[in-house]
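What follows is one structure encoded as structure tokens, with my remarks underneath.
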Amino acid sequence: MLVLQSLFDVPWQKPRIAVLEISGAIGAQVKGPEMVRAIKALREDARVQAVIVEIDSPGGSAAVSDMIYRALQRLGKKKPVVAFTGTAALSGGYLIACAAQKIVSLPTALVGSIGVIFTRPVVEELMAKVGVKMVVTHEGKLKAMFQPWREPTPEETQKVQALTEEYYDWFVNAVATSRNMSVPVVKEIATGEMYSASKGHEIGLVDELGDFERATDLAKELANVVETPRLQWVRPRRPLLERVLARGASSMAAAIFAEAETRISPRIDFK
């Protein structure tokens with residue numbers, strides 16, 4: 001009986017630890033809906049015993065960061081999640097790491113950068129130079145407050161500041177809750193600055209200093225996996241159109257257009 005069992009002990013029957021890669025700017029390279037679908041699939045896959053989220057990101061879109069953070073929290077209620085960074089988990093990238101039960105970092109990695117930035121280009125002078133005027137009709141006195149063809153009014157600036165503070169408070173509270181720290185303590189280190197993971201470990205932003213192998217061992221321990229698990233690397237599946245475009249030069253044009261569109265639009269980032 002034991003002999004027969006060993007004969008049929010095939011690799012795909014071993015317990016799996018999935019490695020979810022989150023690399024690049026959040027919102028631009030790391031797409032929210034694709035990542036959420038991938039996380040949901042991991043949550044529903046009975047073969048996956050634990051998940052390592054490997055993060056290399058400077059942050060990005062606040063909304064997309066929040067979307068991924070919440071999806072990972074749901075995943076963590078069902079199976080262990082360990083975050084690992086060997087390079088950088090900053091701002092929105094660090095928020096995503098906070099969704100894990102444990103954060104492991106190389107001592108030389110960068111973590112933190114807890115803060116919010118609002119960006120809005122103003123092209124009023126450029127339009128004047130090229131002789132372009134913008135005629136706008138709108139209802140609601142603040143409807144055009146984010147438009148780039150004029151300077152913001154004092155009231156609009158005040159509104160944007162209040163919105164930025166609201167996002168900042170949410171970010172600080174999310175970190176405080178996830179890291180089991182008080183809000184005042186988090187605010188002391190949430191200056192927007194980045195820390196080495198070694199320093200981050202001292203101030204409570206990182207649980208352990210170690211490499212990817214240590215993150216794997218920790219995920220194995222949390223999942224109570226005795227035998228050596230099979231690692232399964234996971235990348236979100238891109239939409240068909242994007243995969244087709246990626247085969248030709250048109251993909252670069254599409255990427256440039258998307259970046260240009262992003263830069264001229266007002267946005268709030270955890271970055």
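Simple scheme: letters A, B, ... for chains in structure tokens order, numbers from 1 for residues in each chain, numbers from 1 for ligands in the order shown.
Look at Pro229 in chain A: the protein and nucleic acid residues within 9 Å of it, using only C-alpha atoms and passing over chain neighbours fewer than 6 places away, are Lys14, Pro15, Arg16, Ile17, Gln49 and Lys220 of chain A.
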Task: In range 18-175 of chain A, DSSP strand (DSSP E or B) residues written as a ChimeraX atom specification - done: /A:18-23,26,30,48-57,60-61,81-85,88-90,102-105,110-112,117-119
Return as CSV the residues of range 160-241 of chain A lying at most 9 Å from range 92-97 of chain A, together with the closest atom-to-atom pair for each and the distance in Å to one decimal, counting only C-alpha atoms, with rows in chain order and ascending residue number.
```
residue,atom,partner,partner_atom,distance
A:Phe171,CA,A:Leu95,CA,7.6
A:Ala174,CA,A:Leu95,CA,7.7
A:Val175,CA,A:Leu95,CA,6.9
A:Leu205,CA,A:Tyr94,CA,8.9
```
Sorted per-residue table, range 131-220 of chain A near range 84-88 of chain A, closest atoms and distance, 8 Å, only C-alpha atoms, as JSON lines:
```
{"residue": "A:Asp211", "atom": "CA", "partner": "A:Gly86", "partner_atom": "CA", "distance": 7.1}
{"residue": "A:Phe212", "atom": "CA", "partner": "A:Phe84", "partner_atom": "CA", "distance": 6.8}
{"residue": "A:Ala215", "atom": "CA", "partner": "A:Phe84", "partner_atom": "CA", "distance": 6.4}
```
TODO: Please identify all polymer residues within 9 Å of range 64-80 of chain A, counting only C-alpha atoms, omitting same-chain residues fewer than 5 positions from it, and present them as a count of residues only.
DONE: 36
- [ ] Quote the spacing between CA of Ala28 in chain A and CA of Ala41 in chain A in Å to one decimal place.
- [x]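 Between these atoms lies a distance of 22.1 Å.
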For range 19-21 of chain A, please output as a PDB file with N, CA and C atoms, in the first residue's frame all residues within 8 Å (counting only C-alpha atoms; exclusion window: fewer than 6 positions along the same chain).
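Result file follows (out_22.pdb):
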```pdb
ATOM      1  N   VAL A  51      -0.155  32.242   0.024  1.00  0.00           N
ATOM      2  CA  VAL A  51       0.216  33.142  -1.073  1.00  0.00           C
ATOM      3  C   VAL A  51       1.320  34.084  -0.603  1.00  0.00           C
ATOM      4  N   ILE A  52       2.351  34.212  -1.425  1.00  0.00           N
ATOM      5  CA  ILE A  52       3.394  35.222  -1.220  1.00  0.00           C
ATOM      6  C   ILE A  52       3.148  36.329  -2.232  1.00  0.00           C
ATOM      7  N   VAL A  53       3.015  37.556  -1.754  1.00  0.00           N
ATOM      8  CA  VAL A  53       2.846  38.702  -2.647  1.00  0.00           C
ATOM      9  C   VAL A  53       4.211  39.371  -2.783  1.00  0.00           C
ATOM     10  N   GLU A  54       4.812  39.223  -3.934  1.00  0.00           N
ATOM     11  CA  GLU A  54       6.142  39.793  -4.172  1.00  0.00           C
ATOM     12  C   GLU A  54       5.971  41.181  -4.778  1.00  0.00           C
ATOM     13  N   ILE A  55       6.362  42.209  -4.026  1.00  0.00           N
ATOM     14  CA  ILE A  55       6.070  43.598  -4.404  1.00  0.00           C
ATOM     15  C   ILE A  55       7.328  44.341  -4.809  1.00  0.00           C
ATOM     16  N   LEU A 231       6.067  25.823  -5.686  1.00  0.00           N
ATOM     17  CA  LEU A 231       5.836  27.252  -5.897  1.00  0.00           C
ATOM     18  C   LEU A 231       5.160  27.465  -7.250  1.00  0.00           C
ATOM     19  N   GLN A 232       4.145  28.284  -7.243  1.00  0.00           N
ATOM     20  CA  GLN A 232       3.387  28.569  -8.457  1.00  0.00           C
ATOM     21  C   GLN A 232       3.371  30.075  -8.676  1.00  0.00           C
ATOM     22  N   TRP A 233       4.102  30.562  -9.695  1.00  0.00           N
ATOM     23  CA  TRP A 233       4.140  31.991  -9.977  1.00  0.00           C
ATOM     24  C   TRP A 233       2.879  32.399 -10.726  1.00  0.00           C
ATOM     25  N   VAL A 234       2.314  33.521 -10.299  1.00  0.00           N
ATOM     26  CA  VAL A 234       1.044  33.966 -10.857  1.00  0.00           C
ATOM     27  C   VAL A 234       1.187  35.381 -11.395  1.00  0.00           C
ATOM     28  N   ARG A 235       0.721  35.578 -12.611  1.00  0.00           N
ATOM     29  CA  ARG A 235       0.642  36.911 -13.206  1.00  0.00           C
ATOM     30  C   ARG A 235      -0.761  37.094 -13.757  1.00  0.00           C
TER      31      ARG A 235
END
```
Open item on the list: Residues near Ser196 in chain A, anyone? I mean within 6 Å using only C-alpha atoms, not counting same-chain ones fewer than 2 positions away, as a list of chain:residue names.
Closed with: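 These residues fall inside the cut-off: A:Thr108, A:Ala109, A:Leu110, A:Ser198, A:Lys199.
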